[in-house]
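Text of upload_27.txt, listed as compact mmCIF, C-alpha atoms:
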# COMPACT_ATOMS: atom_id res chain seq x y z
CA MET A 1 9.47 1.28 26.40
CA GLY A 2 10.60 3.16 29.47
CA GLU A 3 8.59 5.25 31.89
CA LEU A 4 5.26 6.76 31.01
CA TYR A 5 5.76 10.06 29.25
CA GLN A 6 4.25 12.71 31.52
CA PRO A 7 5.65 16.17 30.79
CA GLU A 8 5.64 18.64 33.65
CA SER A 9 3.02 20.66 31.83
CA SER A 10 0.66 18.38 29.91
CA PRO A 11 -0.62 19.80 26.59
CA LEU A 12 -4.12 19.03 27.89
CA SER A 13 -3.74 20.62 31.31
CA SER A 14 -4.69 24.12 30.20
CA LEU A 15 -7.27 23.20 27.56
CA ARG A 16 -10.57 24.93 28.15
CA TYR A 17 -13.70 22.86 28.70
CA ILE A 18 -17.09 24.20 27.53
CA PRO A 19 -20.01 22.40 29.27
CA GLN A 20 -22.16 22.38 26.15
CA SER A 21 -22.83 19.91 23.35
CA TYR A 22 -23.36 20.05 19.62
CA ASN A 23 -26.83 18.97 18.50
CA HIS A 24 -26.89 17.35 15.06
CA ALA A 25 -30.61 18.11 14.78
CA ASP A 26 -30.04 21.80 15.54
CA SER A 27 -26.66 22.19 13.89
CA GLN A 28 -26.24 25.90 13.27
CA ALA A 29 -27.75 27.12 16.53
CA SER A 30 -25.73 24.73 18.71
CA ALA A 31 -22.51 25.43 16.78
CA LEU A 32 -23.15 29.17 17.14
CA ARG A 33 -23.54 28.86 20.91
CA LEU A 34 -20.24 26.97 21.11
CA VAL A 35 -18.23 29.44 19.04
CA LEU A 36 -19.69 32.48 20.84
CA THR A 37 -18.77 30.92 24.17
CA LEU A 38 -15.25 30.47 22.82
CA ASN A 39 -15.12 33.88 21.10
CA PRO A 40 -17.59 36.24 22.81
CA HIS A 41 -16.08 39.14 20.84
CA TRP A 42 -17.70 37.63 17.71
CA GLU A 43 -21.10 38.69 18.97
CA GLY A 44 -22.62 41.94 17.72
CA PRO A 45 -23.72 43.69 14.53
CA ASP A 46 -20.17 44.17 13.16
CA ASN A 47 -19.67 40.40 12.89
CA LYS A 48 -20.85 38.02 10.18
CA ILE A 49 -20.50 34.39 11.27
CA GLU A 50 -20.71 31.73 8.55
CA PHE A 51 -20.58 27.92 8.62
CA VAL A 52 -18.91 25.70 6.04
CA ARG A 53 -19.73 21.99 6.36
CA PHE A 54 -16.88 19.67 5.43
CA THR A 55 -18.23 16.29 6.49
CA ASP A 56 -21.36 14.99 8.13
CA GLY A 57 -21.62 11.33 8.97
CA ILE A 58 -21.54 8.71 11.65
CA THR A 59 -17.87 9.34 12.44
CA ASN A 60 -17.85 13.14 12.66
CA THR A 61 -19.50 16.38 11.83
CA LEU A 62 -16.79 18.83 10.80
CA LEU A 63 -17.68 22.52 10.49
CA LYS A 64 -15.47 25.45 9.61
CA ILE A 65 -16.76 28.54 11.42
CA ILE A 66 -15.61 31.92 10.11
CA ASN A 67 -16.27 35.55 10.97
CA ARG A 68 -16.47 37.44 7.70
CA LYS A 69 -16.05 40.89 9.19
CA PRO A 70 -15.94 43.77 6.69
CA GLY A 71 -12.44 44.76 5.59
CA LEU A 72 -10.75 41.42 6.31
CA THR A 73 -8.92 39.48 3.61
CA ASP A 74 -9.65 35.78 3.06
CA GLU A 75 -6.30 34.95 4.67
CA GLN A 76 -7.11 37.04 7.76
CA ILE A 77 -10.51 35.37 8.01
CA ASP A 78 -8.94 31.91 7.79
CA THR A 79 -6.35 32.82 10.43
CA GLU A 80 -9.13 33.34 12.97
CA ALA A 81 -11.36 30.52 11.69
CA VAL A 82 -12.43 27.75 14.07
CA LEU A 83 -12.93 24.09 13.18
CA MET A 84 -15.56 22.24 15.16
CA ARG A 85 -15.41 18.44 15.24
CA ALA A 86 -18.46 16.79 16.77
CA TYR A 87 -18.45 13.05 17.35
CA GLY A 88 -21.04 10.74 15.86
CA ASN A 89 -23.10 8.30 17.87
CA HIS A 90 -21.66 4.84 18.63
CA THR A 91 -18.19 5.77 17.34
CA GLU A 92 -16.67 4.78 20.69
CA ILE A 93 -16.83 1.22 19.32
CA LEU A 94 -14.15 2.16 16.77
CA ILE A 95 -12.43 5.23 18.21
CA ASP A 96 -11.01 6.09 21.62
CA ARG A 97 -12.00 9.76 21.78
CA GLU A 98 -9.90 10.52 24.84
CA ARG A 99 -6.83 9.13 23.10
CA GLU A 100 -7.68 11.17 19.99
CA MET A 101 -7.80 14.34 22.07
CA SER A 102 -4.53 13.48 23.79
CA SER A 103 -2.90 12.73 20.41
CA HIS A 104 -4.08 16.06 19.00
CA ALA A 105 -2.69 17.93 21.99
CA LEU A 106 0.64 16.09 21.72
CA LEU A 107 0.92 16.83 18.01
CA ALA A 108 0.03 20.50 18.53
CA SER A 109 2.75 20.80 21.17
CA HIS A 110 5.25 19.68 18.50
CA GLY A 111 3.84 21.99 15.82
CA LEU A 112 2.43 19.02 13.90
CA ALA A 113 -1.28 19.81 14.35
CA PRO A 114 -3.37 22.96 14.58
CA PRO A 115 -3.71 24.31 18.15
CA LEU A 116 -6.59 23.00 20.23
CA LEU A 117 -8.87 25.78 21.45
CA ALA A 118 -11.39 23.98 23.65
CA ARG A 119 -13.18 20.74 24.31
CA PHE A 120 -16.94 20.41 24.66
CA GLN A 121 -19.17 17.52 25.68
CA ASN A 122 -19.12 15.73 22.34
CA GLY A 123 -16.25 17.24 20.41
CA LEU A 124 -13.33 19.61 19.95
CA LEU A 125 -12.71 23.16 18.73
CA TYR A 126 -9.36 23.90 17.09
CA ARG A 127 -7.61 26.15 14.58
CA PHE A 128 -8.05 25.84 10.84
CA ILE A 129 -5.16 24.83 8.57
CA ARG A 130 -5.13 26.92 5.42
CA GLY A 131 -4.52 24.57 2.51
CA ARG A 132 -6.07 22.10 0.11
CA PRO A 133 -7.00 18.47 0.87
CA ALA A 134 -5.18 16.11 -1.47
CA THR A 135 -6.91 13.76 -3.89
CA ASN A 136 -5.65 10.26 -4.60
CA GLN A 137 -4.44 11.65 -7.96
CA ASP A 138 -2.29 14.07 -5.94
CA LEU A 139 -0.75 11.30 -3.84
CA VAL A 140 0.94 9.72 -6.86
CA LYS A 141 2.61 13.01 -7.86
CA ALA A 142 6.23 13.37 -6.77
CA PRO A 143 5.87 16.78 -5.03
CA THR A 144 3.04 15.45 -2.85
CA TRP A 145 4.47 12.05 -1.96
CA ARG A 146 7.85 13.63 -1.27
CA GLY A 147 6.17 16.06 1.14
CA VAL A 148 4.23 13.23 2.79
CA ALA A 149 7.39 11.15 3.20
CA ARG A 150 9.26 14.00 4.85
CA ARG A 151 6.40 14.91 7.19
CA LEU A 152 5.77 11.27 8.14
CA GLY A 153 9.46 10.78 8.89
CA GLN A 154 9.26 13.76 11.23
CA TRP A 155 6.13 12.36 12.94
CA HIS A 156 7.73 9.00 13.56
CA ALA A 157 10.99 10.51 14.78
CA VAL A 158 9.86 13.13 17.28
CA LEU A 159 6.66 11.83 18.89
CA PRO A 160 7.05 9.64 22.00
CA ILE A 161 4.88 6.54 21.82
CA SER A 162 4.44 6.54 25.60
CA ALA A 163 2.40 9.72 25.24
CA ALA A 164 -0.37 7.60 23.75
CA LYS A 165 -1.38 6.93 27.35
CA ALA A 166 -3.07 10.19 28.26
CA PRO A 167 -2.32 11.36 31.81
CA VAL A 168 -5.42 11.03 33.98
CA SER A 169 -5.70 13.50 36.82
CA ALA A 170 -8.52 14.67 39.00
CA SER A 171 -7.15 18.19 38.63
CA ASN A 172 -7.22 18.03 34.85
CA PRO A 173 -10.16 20.17 33.68
CA VAL A 174 -10.50 18.06 30.53
CA THR A 175 -10.37 14.53 31.86
CA GLN A 176 -12.82 15.44 34.60
CA HIS A 177 -15.53 15.53 31.95
CA VAL A 178 -14.62 12.33 30.11
CA ASP A 179 -17.12 9.50 30.45
CA ARG A 180 -15.22 6.78 32.31
CA SER A 181 -18.00 4.25 32.53
CA PRO A 182 -16.75 0.75 31.69
CA PRO A 183 -16.82 0.19 27.91
CA GLN A 184 -19.33 -2.38 26.77
CA GLN A 185 -17.11 -4.79 24.89
CA PRO A 186 -18.02 -8.34 23.98
CA THR A 187 -16.71 -10.99 26.34
CA CYS A 188 -14.33 -13.53 24.88
CA GLU A 189 -15.99 -16.78 23.98
CA ALA A 190 -14.46 -20.22 24.31
CA GLY A 191 -11.88 -20.77 21.62
CA LEU A 192 -11.36 -17.05 20.97
CA VAL A 193 -8.12 -16.12 22.73
CA PRO A 194 -7.13 -12.43 22.70
CA ILE A 195 -3.71 -11.61 21.32
CA GLN A 196 -0.77 -10.80 23.58
CA PRO A 197 1.32 -8.23 21.68
CA ARG A 198 4.87 -7.56 22.77
CA GLN A 199 4.03 -3.99 23.75
CA PRO A 200 1.19 -3.58 26.27
CA GLY A 201 -1.12 -0.60 26.13
CA PRO A 202 -2.71 1.02 23.11
CA ASN A 203 -1.22 0.18 19.71
CA MET A 204 -2.50 -0.84 16.30
CA TRP A 205 -2.56 -4.51 17.28
CA THR A 206 -4.75 -3.88 20.35
CA VAL A 207 -7.01 -1.58 18.31
CA LEU A 208 -7.55 -4.33 15.75
CA GLN A 209 -8.19 -6.80 18.57
CA LYS A 210 -10.85 -4.49 20.02
CA TRP A 211 -12.52 -4.29 16.61
CA VAL A 212 -12.54 -8.07 16.12
CA LEU A 213 -14.16 -8.49 19.54
CA ALA A 214 -16.77 -5.90 18.56
CA LEU A 215 -17.85 -7.78 15.43
CA PRO A 216 -21.48 -8.89 15.35
CA THR A 217 -22.22 -12.45 16.44
CA ALA A 218 -25.99 -12.69 15.97
CA THR A 219 -25.77 -15.57 13.49
CA GLU A 220 -23.67 -18.69 13.19
CA GLU A 221 -22.08 -17.27 10.05
CA GLN A 222 -21.07 -14.10 11.93
CA ARG A 223 -19.66 -16.10 14.84
CA SER A 224 -17.62 -18.29 12.47
CA ARG A 225 -16.35 -15.22 10.63
CA ARG A 226 -15.19 -13.63 13.86
CA VAL A 227 -13.32 -16.79 14.86
CA ARG A 228 -11.60 -16.88 11.45
CA LEU A 229 -10.60 -13.23 11.71
CA GLN A 230 -9.30 -13.75 15.24
CA GLU A 231 -7.14 -16.59 13.95
CA GLU A 232 -5.78 -14.33 11.21
CA LEU A 233 -5.02 -11.62 13.78
CA GLN A 234 -3.17 -14.12 15.96
CA ARG A 235 -1.24 -15.27 12.91
CA VAL A 236 -0.09 -11.80 11.79
CA VAL A 237 0.89 -10.87 15.36
CA ARG A 238 3.07 -14.00 15.56
CA GLU A 239 4.67 -13.18 12.23
CA LEU A 240 5.04 -9.40 12.36
CA ASP A 241 5.04 -8.23 15.99
CA ASP A 242 8.72 -8.94 16.43
CA GLY A 243 9.92 -5.77 18.18
CA LYS A 244 12.18 -4.92 15.25
CA GLY A 245 12.02 -1.87 13.04
CA LEU A 246 12.19 1.84 13.77
CA GLY A 247 11.18 3.44 17.04
CA GLU A 248 10.80 2.00 20.54
CA ASN A 249 10.50 -1.79 20.55
CA GLY A 250 9.52 -1.60 16.88
CA LEU A 251 6.77 1.00 17.35
CA VAL A 252 6.46 4.66 16.41
CA PHE A 253 3.63 7.13 17.02
CA ALA A 254 1.71 6.61 13.78
CA HIS A 255 -1.21 8.32 12.02
CA CYS A 256 -2.72 5.01 10.78
CA ASP A 257 -5.23 6.70 8.46
CA LEU A 258 -3.22 8.62 5.87
CA LEU A 259 -5.80 8.66 3.11
CA CYS A 260 -5.74 11.51 0.64
CA ALA A 261 -8.29 13.73 2.42
CA ASN A 262 -6.15 13.69 5.57
CA VAL A 263 -3.18 15.20 3.71
CA ILE A 264 -3.41 18.98 3.48
CA THR A 265 -1.15 20.74 0.97
CA LEU A 266 -0.20 24.12 2.34
CA PRO A 267 0.04 27.23 0.14
CA SER A 268 3.50 27.70 -1.38
CA PRO A 269 5.36 31.00 -1.04
CA GLU A 270 5.30 32.85 -4.34
CA ASN A 271 9.09 33.00 -4.55
CA SER A 272 9.68 29.29 -3.90
CA ALA A 273 9.05 27.88 -7.39
CA ALA A 274 11.27 24.89 -8.18
CA SER A 275 12.96 24.28 -11.49
CA SER A 276 10.33 21.66 -12.35
CA GLU A 277 7.37 19.96 -10.75
CA GLU A 278 9.37 16.75 -10.30
CA ASP A 279 12.01 18.68 -8.34
CA ALA A 280 9.46 20.34 -6.06
CA THR A 281 8.39 19.18 -2.63
CA ALA A 282 4.99 20.17 -1.31
CA THR A 283 4.65 21.29 2.29
CA VAL A 284 1.94 19.17 3.87
CA GLN A 285 0.22 18.70 7.19
CA PHE A 286 -1.79 15.73 8.38
CA ILE A 287 -5.24 16.07 9.91
CA ASP A 288 -7.73 13.77 11.67
CA TYR A 289 -5.98 11.85 14.45
CA GLU A 290 -8.83 9.48 15.36
CA TYR A 291 -6.78 6.36 14.65
CA ALA A 292 -3.35 7.70 15.67
CA THR A 293 -1.62 5.19 17.93
CA PRO A 294 1.72 3.41 18.37
CA SER A 295 2.32 1.17 15.39
CA PRO A 296 5.13 -0.35 13.35
CA ALA A 297 6.34 2.35 10.96
CA ALA A 298 6.01 -0.19 8.15
CA PHE A 299 2.26 -0.50 8.79
CA ASP A 300 1.72 3.27 8.70
CA ILE A 301 3.63 3.51 5.42
CA ALA A 302 2.03 0.42 3.84
CA ASN A 303 -1.37 1.77 4.84
CA HIS A 304 -0.60 5.09 3.17
CA PHE A 305 0.52 3.30 0.00
CA ALA A 306 -2.79 1.39 0.02
CA GLU A 307 -4.58 4.74 -0.02
CA TRP A 308 -2.91 5.65 -3.32
CA ALA A 309 -5.61 3.48 -4.86
CA GLY A 310 -8.25 5.94 -3.64
CA TYR A 311 -11.74 5.32 -2.39
CA ASP A 312 -12.52 3.23 -5.48
CA CYS A 313 -9.50 0.96 -4.92
CA ASP A 314 -7.96 1.56 -8.35
CA PHE A 315 -4.89 -0.63 -7.93
CA ASN A 316 -3.26 0.79 -11.07
CA MET A 317 -2.41 3.78 -8.84
CA MET A 318 -0.35 1.72 -6.38
CA PRO A 319 3.35 2.67 -6.15
CA THR A 320 5.83 0.42 -7.91
CA ARG A 321 9.06 -0.81 -6.34
CA SER A 322 11.14 2.10 -7.63
CA VAL A 323 8.63 4.72 -6.44
CA ARG A 324 8.37 3.06 -3.01
CA ARG A 325 12.15 3.14 -2.66
CA GLN A 326 12.25 6.82 -3.57
CA PHE A 327 9.51 7.54 -1.02
CA LEU A 328 11.34 5.59 1.68
CA THR A 329 14.62 7.36 0.88
CA GLU A 330 12.90 10.72 1.51
CA TYR A 331 11.26 9.34 4.64
CA ILE A 332 14.52 7.98 6.11
CA HIS A 333 16.36 11.21 5.27
CA SER A 334 13.77 13.09 7.33
CA TYR A 335 13.59 10.48 10.10
CA THR A 336 17.35 10.37 10.63
CA HIS A 337 17.56 14.18 10.52
CA PHE A 338 15.09 14.57 13.37
CA LYS A 339 16.58 11.62 15.27
CA GLY A 340 20.15 12.81 14.86
CA ILE A 341 21.19 9.51 13.23
CA PRO A 342 24.33 9.64 11.02
CA GLU A 343 23.78 9.80 7.28
CA SER A 344 25.98 6.73 6.87
CA SER A 345 23.12 4.62 8.28
CA GLN A 346 20.53 5.80 5.79
CA LYS A 347 20.98 3.23 3.02
CA GLU A 348 20.80 0.30 5.43
CA LEU A 349 17.67 1.76 7.04
CA VAL A 350 16.02 2.27 3.63
CA ASP A 351 16.80 -1.33 2.63
CA GLN A 352 15.37 -2.73 5.87
CA LEU A 353 12.27 -0.53 5.76
CA PHE A 354 11.64 -1.44 2.12
CA HIS A 355 11.59 -5.09 3.19
CA ASP A 356 9.37 -4.39 6.21
CA VAL A 357 6.81 -2.38 4.21
CA ASP A 358 6.65 -5.27 1.77
CA ARG A 359 5.91 -7.65 4.66
CA PHE A 360 3.10 -5.38 5.91
CA ARG A 361 1.45 -4.66 2.56
CA GLY A 362 -1.49 -6.99 3.20
CA ILE A 363 -2.26 -5.86 6.76
CA PRO A 364 -4.22 -2.69 5.84
CA GLY A 365 -6.71 -4.95 4.04
CA LEU A 366 -7.30 -6.93 7.24
CA TYR A 367 -7.41 -3.77 9.38
CA TRP A 368 -9.94 -1.84 7.31
CA GLY A 369 -11.88 -4.95 6.38
CA VAL A 370 -12.74 -5.53 10.05
CA TRP A 371 -13.46 -1.81 10.44
CA ALA A 372 -15.87 -1.88 7.50
CA LEU A 373 -17.77 -4.85 8.94
CA ILE A 374 -18.44 -2.80 12.08
CA GLN A 375 -19.39 0.27 10.04
CA ALA A 376 -21.88 -1.89 8.14
CA GLN A 377 -23.66 -2.39 11.47
CA ILE A 378 -23.55 1.14 12.93
CA SER A 379 -23.12 3.65 10.10
CA GLN A 380 -25.93 5.80 8.79
CA ILE A 381 -23.96 6.79 5.68
CA ASP A 382 -25.34 5.60 2.35
CA PHE A 383 -22.35 3.42 1.53
CA ASP A 384 -22.01 -0.30 0.92
CA TYR A 385 -19.60 -1.10 3.75
CA ALA A 386 -20.15 -4.85 3.43
CA SER A 387 -18.88 -4.85 -0.17
CA TYR A 388 -16.02 -2.55 0.84
CA ALA A 389 -15.07 -5.05 3.56
CA ASP A 390 -14.98 -7.85 0.99
CA LEU A 391 -12.74 -5.76 -1.26
CA ARG A 392 -10.29 -4.97 1.54
CA PHE A 393 -10.21 -8.56 2.77
CA SER A 394 -9.45 -9.65 -0.79
CA GLU A 395 -6.26 -7.54 -0.57
CA TYR A 396 -5.24 -9.35 2.59
CA TYR A 397 -5.93 -12.84 1.27
CA ALA A 398 -4.24 -12.09 -2.07
CA TRP A 399 -1.12 -11.14 -0.10
CA ARG A 400 -1.45 -14.34 1.93
CA ARG A 401 -1.59 -16.44 -1.21
CA GLU A 402 1.57 -14.78 -2.50
CA GLN A 403 3.30 -15.37 0.84
CA ASP A 404 2.51 -19.07 1.01
CA GLY A 405 2.84 -19.69 -2.74
CA SER A 406 -0.67 -21.11 -3.11
CA ARG A 407 -1.57 -18.75 -5.94
CA ALA A 408 1.40 -19.82 -8.04
CA GLN A 409 0.84 -23.50 -7.21
CA ALA A 410 -2.74 -23.22 -8.45
CA GLY A 411 -1.53 -21.60 -11.67
CA GLU A 412 -3.74 -18.57 -11.10
CA GLU A 413 -3.03 -15.12 -12.47
CA MET A 414 -1.54 -12.65 -10.01
CA PRO A 415 -4.14 -10.10 -8.84
CA LEU A 416 -3.69 -6.54 -10.09
CA ARG A 417 -2.72 -5.11 -6.70
CA GLU A 418 0.00 -7.72 -6.20
CA SER A 419 1.30 -7.44 -9.76
CA ARG A 420 1.45 -3.65 -9.49
CA TRP A 421 3.29 -3.97 -6.18
CA ALA A 422 5.83 -6.32 -7.75
CA GLN A 423 6.39 -4.05 -10.76
CA GLU A 424 9.82 -2.44 -10.82
CA ALA A 425 9.06 0.91 -12.46

Please go through the file and, once you have read it, give me the structure as structure tokens.
Amino acid sequence: MGELYQPESSPLSSLRYIPQSYNHADSQASALRLVLTLNPHWEGPDNKIEFVRFTDGITNTLLKIINRKPGLTDEQIDTEAVLMRAYGNHTEILIDREREMSSHALLASHGLAPPLLARFQNGLLYRFIRGRPATNQDLVKAPTWRGVARRLGQWHAVLPISAAKAPVSASNPVTQHVDRSPPQQPTCEAGLVPIQPRQPGPNMWTVLQKWVLALPTATEEQRSRRVRLQEELQRVVRELDDGKGLGENGLVFAHCDLLCANVITLPSPENSAASSEEDATATVQFIDYEYATPSPAAFDIANHFAEWAGYDCDFNMMPTRSVRRQFLTEYIHSYTHFKGIPESSQKELVDQLFHDVDRFRGIPGLYWGVWALIQAQISQIDFDYASYADLRFSEYYAWRREQDGSRAQAGEEMPLRESRWAQEA
């Protein structure tokens, strides 16, 4: 991988720290104190501060805070708007918040995320992106997926994976305030051997390993399930962690959670209308970097394709072979542009990546299945995470049965997700 990426001026080194916290039980008052500490000029009778709640759950509370001063246009108000992300309780089991902050700062330094404004005890303040969150119906439209492919190619090309290890310095005003107490992770039991991925340090394999170790083990059934899932993790690491593919040792800096709501379509200039919708390309940005980490590019792309099915897992929405190839052609065109790779290499890269994404298509089911089992234990959201875990695991095991031929040998019908994936057009 090379030496640890430590730029002379870390994106985090000048980030302001506010020694306050957001209180979920006293939302508006605590958010107001934070934003007035950040923007003291918002205080006074000429200002009209408003709060727009985007999400509120165990993972985050996300508030848009605006100052609707008289005489300002909506665009001017949005330009000065502040987003406040406050972390939910117990989310450290799933999310490394320090790495999330470091990822956000890295992305902002490359113009790929809104600027960070400040950190507080249990969250971040940053600029608002003016645009519209995509729906899963948007993802299947050519202008949107073309924009996603181009932006993702840029992400994977320009971001150094070594930056995933945030510099730790006693002089850093941010990391001084990070809780560095030893994480309470389950100890490995006899017969449960942690994976040894090719690349040490944080990456999607080590994240999944952390989640498997965090699974509940109160009952014999839970303990047996964790052993089975550990065996599956060991198996996929043996098969897929081969150091091949794009990036450094087969890893790129990946988003790893490109669901529709994390794709923001930016407003189009009025004079940029294309000849038809199919010819157009939306300009998009990605938000929410909680799960961003080094990963095989094929996993990040396969995971995004899985999200075409939406929250309800409608597999009729999954991209067919021809659509996947078009997406990957756009992606590779962008990737090679930002990498300075000759155009003559593009077709070979598309062919290889098409094959690699196909190999990884079942892994998102394993990844989010384990995640959902943990959420079923800690989340306060009214959602059936246990059933969602079963649904995602079914994707993984359906892929397995196609890989080993057991489905065909049993004479069973191909599941909808697999048949859609195999469809040409």

Which residues of region 253-352 of chain A come within 12 Å of region 87-109 of chain A, and what is each one's closest atom pair and distance in Å (one decimal), counting only C-alpha atoms, sorted by chain and residue number, as a Markdown table?
| residue | atom | partner | partner_atom | distance |
| --- | --- | --- | --- | --- |
| A:Phe253 | CA | A:Ser103 | CA | 9.2 |
| A:Ala254 | CA | A:Ser103 | CA | 10.1 |
| A:His255 | CA | A:Ser103 | CA | 9.6 |
| A:Gln285 | CA | A:Leu107 | CA | 11.0 |
| A:Phe286 | CA | A:Leu107 | CA | 10.1 |
| A:Ile287 | CA | A:His104 | CA | 9.2 |
| A:Asp288 | CA | A:His104 | CA | 8.5 |
| A:Tyr289 | CA | A:Glu100 | CA | 5.8 |
| A:Glu290 | CA | A:Glu100 | CA | 5.1 |
| A:Tyr291 | CA | A:Ile95 | CA | 6.8 |
| A:Ala292 | CA | A:Ser103 | CA | 6.9 |
| A:Thr293 | CA | A:Ser103 | CA | 8.0 |
| A:Pro294 | CA | A:Ser103 | CA | 10.6 |

Practice task
Rank A:Asp356, A:Ser379, A:Val323, A:Glu330 by their smallest atom-to-atom distance to Trp421 (chain A), using all atoms listed in the file, and report the top residue only.
Solution key: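 Of A:Asp356, A:Ser379, A:Val323, A:Glu330, the one nearest Trp421 (chain A) is A:Val323, counting all atoms listed in the file.
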
Exercise for the section: Excluding Trp205 (chain A) and residues on its chain fewer than 5 positions from it, collect all residues at most 9 Å away from it, counting only C-alpha atoms, and give them as a list in words. Expected result: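 Non-adjacent residues within range: Ile195, Pro197, Lys210, Leu233, Val237, Asp241 and Ser295 of chain A.
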
Restrict the selected residues to C-alpha atoms and save them as a compact mmCIF listing (two decimals), keeping the file's coordinate frame.
# COMPACT_ATOMS: atom_id res chain seq x y z
CA ILE A 195 -3.71 -11.61 21.32
CA PRO A 197 1.32 -8.23 21.68
CA LYS A 210 -10.85 -4.49 20.02
CA LEU A 233 -5.02 -11.62 13.78
CA VAL A 237 0.89 -10.87 15.36
CA ASP A 241 5.04 -8.23 15.99
CA SER A 295 2.32 1.17 15.39

Exercise for the section: Take the point (-5.8, -13.7, 10.4) as written in the file and pick out every residue within 12 Å of it, counting all atoms listed in the file; give the list as number ranges by chain. Expected result: A: 195, 205, 208-209, 212, 225-240, 362-363, 365-367, 369-370, 393, 396-397, 399-400

Handout entry: Interatomic distance (Å, one decimal) between CA of Thr79 (chain A) and CA of Leu125 (chain A)
Key =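 CA of Leu125 (chain A) lies 14.2 Å from CA of Thr79 (chain A).
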
Handout entry: Two-atom distance - CA of Ile77 (chain A), CA of Val52 (chain A) (Å)
Key =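 Atom-to-atom, CA of Ile77 (chain A) and CA of Val52 (chain A) are spaced 13.0 Å apart.
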
Handout entry: Local residues around (-20.0, 38.3, 13.8), at most 12 Å away, using only C-alpha atoms, as a count of residues only
Key = 25

Practice task
Mind checking which residues fall within 10 Å of region 136-146 of chain A, counting all atoms listed in the file, ignoring those fewer than 2 positions away in the same chain, and posting them as an MDAnalysis selection string?
Solution key: chainID A and resid 133:134 148:152 259:261 263:265 276:284 304:305 307:312 314 317:319 323:324 326:331
